[in-house]
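S.K.: Take this structure first; my questions come after.
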Amino acid sequence: MAAGAAVSVAAACSAGTAAGGGSAGGNSGSGQSGAAPYLSFSPCCSWGTTWSNNPYNVNQLGIQNDFITLRLAVQNYPSLTDYTPQLASSWDVKGDQLTVHLHQGAKWQDGTPVTSKDVYDTALLDGTRGDGFWNDITGVKATDDSTVVFTLRKGQPVPLAENDILANILPYPSSVYGKFVTPQLEKDVPAYFVEYQKDPDKAGKMPEYKRMGKVFQNLAAEKVDKLIGDGPFQLDNITTKEAKLSKWSGFWGADKIKIGGINYLNGANETIYPQLFSNQADFSNVYLPPPILKRWKSTSNANTALPLSFGFVLGFNSHKYPFNMKEVRQALAYVIPREQMSQASYGTGQGAGGTWKQVMTGISPTMEKLYLSQDKINQLNKYPVDAAKATQLLESKGFKKQGGKWIMPNGKPFTMTFTANADTSDVVTSFNSAAKALTAFGIKSDVNATSGAQQDADQHNGNFDAGMYFVSGVDSLSELDNILGTAQNFPTGGNYAGKRGLGFGPKVDVPGLGSENIATALDSQARNVGPGPKLNELTWDYAQMVNDQVPYIWYATKVYQFTYSTKNFTNWPPVDKSGTSPLWNIVGANMSAGISLALQQGYIAPKK
């Protein structure tokens, strides 16, 4: 839900890369004469040909986050209770109040101090676009120049509120945006969200909602000439090819940062590969397909960190015949070769971009380690490739095989189409592998590789057989809610409100919970259950349900390939035997925040 216009950016490079386009360039290690060398940073698809310094504009310049503008704190992923302070030096909770204390040395890049008014104004303006932390609170106030108090709604789990507030609020200067915070808006935002927490439909008809929408429209249209941040770097200039960020001496931790600045390059995959091989780029998150990965491994000074990231999920249209039958979905799980799908896209070499998922728990391997015991995981069906079991399941529901082709109980041939975004080449390759296996089994299958917009519309509208989903979250329930909640399953808000989406349910029997409206129940549980025994219990309940009902197949988990070179810079964050570390895990969850933290902690220094 959003009180104002929705802000979204469509991904266009490859599964697991950011959005944007344009050609890239730049000089690795270059900087101002006599200054420390600049790090050449070339993540895929950073910004397009049009951008805005206004973070509330649809063309917001996302590269400002964490480098130029700091959030209150960075989540030490995957922990939901551990953070590294940034703009907030400390925080505490007493009763229903989360009190945030700002860093005393924080300044804006125009030399003025960062104060509680900047955070207060930002919180209200974030409310006009419907930022999620307003679901956790009933109000916010600045009690002195460096203290902000958020009042939590009754029953709100503190860890979830801390994550929404600390890790997701990036304060902006009141000198630029404070004029939009009127006495009327100060009343409207809390009043609207208090009602929204009780009755979203009623809240959407309030005059407060309409006034907030008008404020957001004006706010998003505001022309901002200069980007004023409070972080370790400042924006010197930007073109479609490159942004130059120089280290800002006014940052309180500037003495720990060893580089002179960042040459932030802007380009798609095909422009980044030659930059890496020629040492024009020192660091990137670009996806490396098997041939490129093989070449990178043989390149001098080449290194790769490998944190796990989000899930590649194949979701069934459970509302559509015959996928509305559990036994059919189970049979398909016995035929679809998950390991082969992953290998077809990413190969088998160490450092490949994806790893196949052996047990369908509905959540990621990272979350399994936190919320499920291995003993419980061992109790679940692994659905190995087994044509005999698939045959038995289909025949039990009246399917027959004639001339090597499966015929449905209604007498029609059983065929199947996979829907995918044509720009996600790894997903298309994986789906082609699945379609080939199903066709060989007797279910004629193909892949409809279409535009991202059409793929998204078809899946939300329920016009598909099996579709693609990327799933992530801050805990196990948020991952489950990401796909089975109302975002993808019986949507209740946005452009697709009232559509079917996955069409799983709406009523579903969940072990330990009984019959529930799966989409709205998960929405509520994801918002209201924090870390603890209850979260562990619910995770196990839903893992059993997903494993048995098979509404979707988590067939692979993205392995982020963070490539970095030691030719020009050394002292990169260390990696363990699996190719990651706590700091690299943060980079995997929030790339800009993780790299900014690494630099603030003295990592990544010019090679002498």
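Ligands are numbered from 1 in the order shown, chains are lettered A, B, ... in the order of the structure tokens, and residues start at 1 in each chain.
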For region 399-409 of chain A, find every residue with an atom within 9 Å (counting only C-alpha atoms), except residues of its own chain fewer than 2 positions away, and show them as a PyMOL selection string.
M.R.: chain A and resi 322+391+393-397+411-415+439-444
S.K.: Export N, CA, C and O atoms of the chosen residues as an mmCIF file, in the first residue's frame?
M.R.:
data_model
loop_
_atom_site.group_PDB
_atom_site.id
_atom_site.type_symbol
_atom_site.label_atom_id
_atom_site.label_comp_id
_atom_site.auth_asym_id
_atom_site.auth_seq_id
_atom_site.Cartn_x
_atom_site.Cartn_y
_atom_site.Cartn_z
ATOM 1 N N PRO A 322 -4.994 -28.406 -14.345
ATOM 2 C CA PRO A 322 -5.071 -29.370 -13.242
ATOM 3 C C PRO A 322 -4.140 -29.046 -12.072
ATOM 4 O O PRO A 322 -3.960 -29.861 -11.175
ATOM 5 N N THR A 391 4.192 -41.009 -11.843
ATOM 6 C CA THR A 391 3.161 -41.778 -12.557
ATOM 7 C C THR A 391 2.068 -42.234 -11.607
ATOM 8 O O THR A 391 0.868 -42.110 -11.894
ATOM 9 N N LEU A 393 1.122 -40.950 -8.772
ATOM 10 C CA LEU A 393 0.319 -39.812 -8.320
ATOM 11 C C LEU A 393 -0.674 -39.368 -9.385
ATOM 12 O O LEU A 393 -1.849 -39.100 -9.093
ATOM 13 N N LEU A 394 -0.227 -39.259 -10.627
ATOM 14 C CA LEU A 394 -1.123 -38.830 -11.704
ATOM 15 C C LEU A 394 -2.236 -39.857 -11.931
ATOM 16 O O LEU A 394 -3.412 -39.490 -12.102
ATOM 17 N N GLU A 395 -1.881 -41.128 -11.921
ATOM 18 C CA GLU A 395 -2.895 -42.164 -12.145
ATOM 19 C C GLU A 395 -3.918 -42.200 -11.012
ATOM 20 O O GLU A 395 -5.092 -42.524 -11.234
ATOM 21 N N SER A 396 -3.485 -41.831 -9.813
ATOM 22 C CA SER A 396 -4.418 -41.830 -8.679
ATOM 23 C C SER A 396 -5.509 -40.771 -8.845
ATOM 24 O O SER A 396 -6.559 -40.862 -8.201
ATOM 25 N N LYS A 397 -5.260 -39.779 -9.692
ATOM 26 C CA LYS A 397 -6.252 -38.722 -9.933
ATOM 27 C C LYS A 397 -6.924 -38.859 -11.290
ATOM 28 O O LYS A 397 -7.583 -37.932 -11.772
ATOM 29 N N GLY A 411 -10.072 -35.590 -20.574
ATOM 30 C CA GLY A 411 -9.851 -36.089 -21.930
ATOM 31 C C GLY A 411 -8.897 -35.268 -22.775
ATOM 32 O O GLY A 411 -8.583 -35.650 -23.905
ATOM 33 N N LYS A 412 -8.404 -34.153 -22.258
ATOM 34 C CA LYS A 412 -7.503 -33.294 -23.027
ATOM 35 C C LYS A 412 -6.043 -33.610 -22.693
ATOM 36 O O LYS A 412 -5.744 -34.042 -21.583
ATOM 37 N N PRO A 413 -5.142 -33.375 -23.639
ATOM 38 C CA PRO A 413 -3.719 -33.613 -23.366
ATOM 39 C C PRO A 413 -3.227 -32.700 -22.243
ATOM 40 O O PRO A 413 -3.634 -31.540 -22.135
ATOM 41 N N PHE A 414 -2.354 -33.224 -21.401
ATOM 42 C CA PHE A 414 -1.756 -32.450 -20.324
ATOM 43 C C PHE A 414 -0.542 -31.717 -20.895
ATOM 44 O O PHE A 414 0.474 -32.322 -21.211
ATOM 45 N N THR A 415 -0.677 -30.415 -21.047
ATOM 46 C CA THR A 415 0.421 -29.582 -21.528
ATOM 47 C C THR A 415 0.712 -28.509 -20.486
ATOM 48 O O THR A 415 -0.095 -28.240 -19.602
ATOM 49 N N THR A 439 8.503 -32.754 -20.983
ATOM 50 C CA THR A 439 8.118 -33.238 -22.314
ATOM 51 C C THR A 439 8.555 -34.690 -22.490
ATOM 52 O O THR A 439 7.806 -35.523 -23.021
ATOM 53 N N ALA A 440 9.760 -35.009 -22.025
ATOM 54 C CA ALA A 440 10.250 -36.385 -22.120
ATOM 55 C C ALA A 440 9.396 -37.335 -21.281
ATOM 56 O O ALA A 440 9.225 -38.508 -21.626
ATOM 57 N N PHE A 441 8.817 -36.821 -20.208
ATOM 58 C CA PHE A 441 7.960 -37.619 -19.336
ATOM 59 C C PHE A 441 6.560 -37.807 -19.930
ATOM 60 O O PHE A 441 5.831 -38.702 -19.523
ATOM 61 N N GLY A 442 6.204 -36.970 -20.894
ATOM 62 C CA GLY A 442 4.899 -37.086 -21.527
ATOM 63 C C GLY A 442 3.982 -35.903 -21.327
ATOM 64 O O GLY A 442 2.824 -35.922 -21.743
ATOM 65 N N ILE A 443 4.490 -34.843 -20.679
ATOM 66 C CA ILE A 443 3.726 -33.602 -20.514
ATOM 67 C C ILE A 443 4.382 -32.556 -21.411
ATOM 68 O O ILE A 443 5.435 -31.998 -21.069
ATOM 69 N N LYS A 444 3.795 -32.326 -22.578
ATOM 70 C CA LYS A 444 4.394 -31.400 -23.543
ATOM 71 C C LYS A 444 4.481 -30.004 -22.916
ATOM 72 O O LYS A 444 3.479 -29.415 -22.534
#
S.K.: Considering only C-alpha atoms, return as number ranges by chain whatever protein or nucleic-acid residues lie within 12 Å of Asn432 (chain A), sequence-local ones (same chain, fewer than 5 positions apart) excluded.
M.R.: A: 336-338, 340-342, 344-345, 416-420, 422, 425-427, 437-439, 444-449
S.K.: CA of Thr69 (chain A) and CA of Tyr603 (chain A), how far apart in Å?
M.R.: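 Separation of CA of Tyr603 (chain A) and CA of Thr69 (chain A): 19.8 Å.
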S.K.: Mind checking which residues fall within 6 Å of region 497-511 of chain A, counting only C-alpha atoms, ignoring those fewer than 5 positions away in the same chain, and posting them as JSON, numbers by chain?
M.R.: {"A": [317, 318, 319, 459, 460, 461, 462, 488, 489, 490, 491, 492, 516, 517, 518, 541, 545]}
S.K.: Would you work out the distance separating CA of Ala268 (chain A) from CA of Ile586 (chain A), expressed in Å to one decimal?
M.R.: 23.4 Å
S.K.: Mind checking which residues fall within 6 Å of Gln234 (chain A), counting only C-alpha atoms, ignoring those fewer than 3 positions away in the same chain, and posting them as a ChimeraX atom specification?
M.R.: /A:68,245-246,248
S.K.: So which one's closest to Asn482 (chain A), A:Ser175, A:Ser300, A:Ser52, A:Thr520? Using only C-alpha atoms, please.
M.R.: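 With only C-alpha atoms as the atom set, the closest residue is A:Thr520.
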S.K.: Please identify all polymer residues within 12 Å of Tyr287 (chain A), counting only C-alpha atoms, omitting same-chain residues fewer than 5 positions from it, and present them as a VMD selection string.
M.R.: chain A and resid 13 to 18 42 to 45 268 to 270 272 to 273 292 to 293 296 304 306 345 to 346 351 to 354 424 to 426 558 to 563
S.K.: Tell me which protein, DNA and RNA residues are within 12 Å of Gly132 (chain A), counting only C-alpha atoms, leaving out same-chain ones fewer than 6 positions away, and put them as a list in words.
M.R.: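 Contacts, with the query itself left out: Met1, Ala2, Ala3, Ala123, Asp126, Leu160, Ala161, Glu162, Asn163, Asp164, Ile165, Ala167, Asn168, Ile169, Phe193, Tyr196, Gln197 and Arg527 of chain A.
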S.K.: Atoms to include: N, CA and C atoms. Write the selected residues as an mmCIF file, in the first residue's frame.
M.R.:
data_model
loop_
_atom_site.group_PDB
_atom_site.id
_atom_site.type_symbol
_atom_site.label_atom_id
_atom_site.label_comp_id
_atom_site.auth_asym_id
_atom_site.auth_seq_id
_atom_site.Cartn_x
_atom_site.Cartn_y
_atom_site.Cartn_z
ATOM 1 N N MET A 1 0.838 -1.172 0.000
ATOM 2 C CA MET A 1 0.000 0.000 0.000
ATOM 3 C C MET A 1 0.882 1.233 0.000
ATOM 4 N N ALA A 2 0.344 2.313 -0.563
ATOM 5 C CA ALA A 2 1.097 3.555 -0.607
ATOM 6 C C ALA A 2 0.136 4.708 -0.585
ATOM 7 N N ALA A 3 0.427 5.720 0.224
ATOM 8 C CA ALA A 3 -0.454 6.866 0.318
ATOM 9 C C ALA A 3 -0.326 7.750 -0.906
ATOM 10 N N ALA A 123 10.640 11.030 8.406
ATOM 11 C CA ALA A 123 9.673 9.999 8.786
ATOM 12 C C ALA A 123 8.272 10.358 8.308
ATOM 13 N N ASP A 126 8.220 10.120 4.477
ATOM 14 C CA ASP A 126 8.209 8.708 4.080
ATOM 15 C C ASP A 126 6.801 8.136 4.198
ATOM 16 N N LEU A 160 11.071 -6.467 14.839
ATOM 17 C CA LEU A 160 10.560 -6.106 13.516
ATOM 18 C C LEU A 160 10.490 -4.594 13.359
ATOM 19 N N ALA A 161 10.095 -3.889 14.430
ATOM 20 C CA ALA A 161 10.045 -2.430 14.368
ATOM 21 C C ALA A 161 11.447 -1.854 14.211
ATOM 22 N N GLU A 162 12.402 -2.415 14.946
ATOM 23 C CA GLU A 162 13.780 -1.932 14.830
ATOM 24 C C GLU A 162 14.292 -2.114 13.410
ATOM 25 N N ASN A 163 13.976 -3.264 12.801
ATOM 26 C CA ASN A 163 14.449 -3.491 11.439
ATOM 27 C C ASN A 163 13.833 -2.495 10.472
ATOM 28 N N ASP A 164 12.536 -2.263 10.590
ATOM 29 C CA ASP A 164 11.862 -1.333 9.684
ATOM 30 C C ASP A 164 12.358 0.090 9.864
ATOM 31 N N ILE A 165 12.662 0.465 11.099
ATOM 32 C CA ILE A 165 13.048 1.854 11.383
ATOM 33 C C ILE A 165 14.548 2.063 11.221
ATOM 34 N N ALA A 167 16.996 0.073 9.946
ATOM 35 C CA ALA A 167 17.649 -0.373 8.712
ATOM 36 C C ALA A 167 17.037 0.218 7.454
ATOM 37 N N ASN A 168 15.908 0.911 7.584
ATOM 38 C CA ASN A 168 15.221 1.353 6.370
ATOM 39 C C ASN A 168 14.921 2.842 6.289
ATOM 40 N N ILE A 169 15.186 3.594 7.334
ATOM 41 C CA ILE A 169 15.008 5.047 7.245
ATOM 42 C C ILE A 169 16.343 5.693 6.923
ATOM 43 N N PHE A 193 -2.420 6.333 9.454
ATOM 44 C CA PHE A 193 -1.845 5.012 9.697
ATOM 45 C C PHE A 193 -2.456 4.328 10.917
ATOM 46 N N TYR A 196 -5.369 2.892 9.369
ATOM 47 C CA TYR A 196 -4.972 1.850 8.423
ATOM 48 C C TYR A 196 -4.680 0.539 9.140
ATOM 49 N N GLN A 197 -4.066 0.631 10.323
ATOM 50 C CA GLN A 197 -3.749 -0.575 11.082
ATOM 51 C C GLN A 197 -5.006 -1.325 11.514
ATOM 52 N N ARG A 527 4.188 -9.568 10.124
ATOM 53 C CA ARG A 527 4.269 -8.257 10.766
ATOM 54 C C ARG A 527 4.316 -8.354 12.285
#
S.K.: Could you find all residues in region 285-378 of chain A that DSSP calls strand (DSSP E) from the backbone, and write them as an MDAnalysis selection string?
M.R.: chainID A and resid 302:305 308:316 354:356
S.K.: Distance table requested - region 283-316 of chain A against region 74-79 of chain A, cut-off 12 Å, only C-alpha atoms: one row per qualifying residue with the closest atom pair and its distance in Å to one decimal, ordered by chain and rising residue number, as a Markdown table.
M.R.:
| residue | atom | partner | partner_atom | distance |
| --- | --- | --- | --- | --- |
| A:Pro307 | CA | A:Tyr77 | CA | 10.8 |
| A:Leu308 | CA | A:Pro78 | CA | 10.5 |
| A:Ser309 | CA | A:Pro78 | CA | 10.3 |
S.K.: Write a file of the selected residues as a PDB file, in the first residue's frame, keeping N, CA, C and O atoms.
M.R.:
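Okay, this is what ended up in out_3.pdb:
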ATOM      1  N   PRO A 307      28.442 -14.863  -1.142  1.00  0.00           N
ATOM      2  CA  PRO A 307      27.345 -14.990  -0.178  1.00  0.00           C
ATOM      3  C   PRO A 307      26.055 -15.448  -0.858  1.00  0.00           C
ATOM      4  O   PRO A 307      25.788 -15.108  -2.014  1.00  0.00           O
ATOM      5  N   LEU A 308      25.264 -16.229  -0.121  1.00  0.00           N
ATOM      6  CA  LEU A 308      23.949 -16.623  -0.633  1.00  0.00           C
ATOM      7  C   LEU A 308      23.021 -15.413  -0.597  1.00  0.00           C
ATOM      8  O   LEU A 308      23.133 -14.547   0.261  1.00  0.00           O
ATOM      9  N   SER A 309      22.057 -15.406  -1.520  1.00  0.00           N
ATOM     10  CA  SER A 309      21.153 -14.270  -1.565  1.00  0.00           C
ATOM     11  C   SER A 309      19.713 -14.745  -1.615  1.00  0.00           C
ATOM     12  O   SER A 309      19.249 -15.426  -0.715  1.00  0.00           O
TER      13      SER A 309
END
S.K.: Kindly give the distance, in Å, that separates CA of Ala106 (chain A) and CA of Thr84 (chain A), rounded to a single decimal.
M.R.: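 Between these atoms lies a distance of 15.7 Å.
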S.K.: Which neighbours of Ile553 (chain A) fall inside 12 Å, counting only C-alpha atoms, when residues of the same chain fewer than 4 positions from it are skipped, and could you give them as a PyMOL selection string?
M.R.: chain A and resi 311-316+329-330+332-338+341+356-364+382-383+434+466-471+483+546-549+557
S.K.: I need the helix (DSSP H, G or I) residues of region 305-484 of chain A per DSSP on the backbone, written as a ChimeraX atom specification.
M.R.: /A:326-335,338-346,365-371,374-378,387-396,425-441,452-461,476-484
S.K.: Which residue gives the smallest distance to Ala589 (chain A) among A:Gly494, A:Gly473, A:Pro365, A:Pro173, with only C-alpha atoms counted?
M.R.: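 Looking at the shortest contact to Ala589 (chain A), the residue is A:Gly473.
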S.K.: Ranking A:Asn463, A:Ala305, A:Leu522, A:Tyr496 by minimum distance to Leu484 (chain A) and counting only C-alpha atoms, which one comes first?
M.R.: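 Result for the nearest residue to Leu484 (chain A): A:Leu522.
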S.K.: For a quick check of understanding, using only C-alpha atoms, which of A:Tyr371, A:Trp572, A:Tyr38, A:Phe431 has the smallest distance to Lys247 (chain A)?
M.R.: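 The closest residue to Lys247 (chain A) is A:Tyr38.
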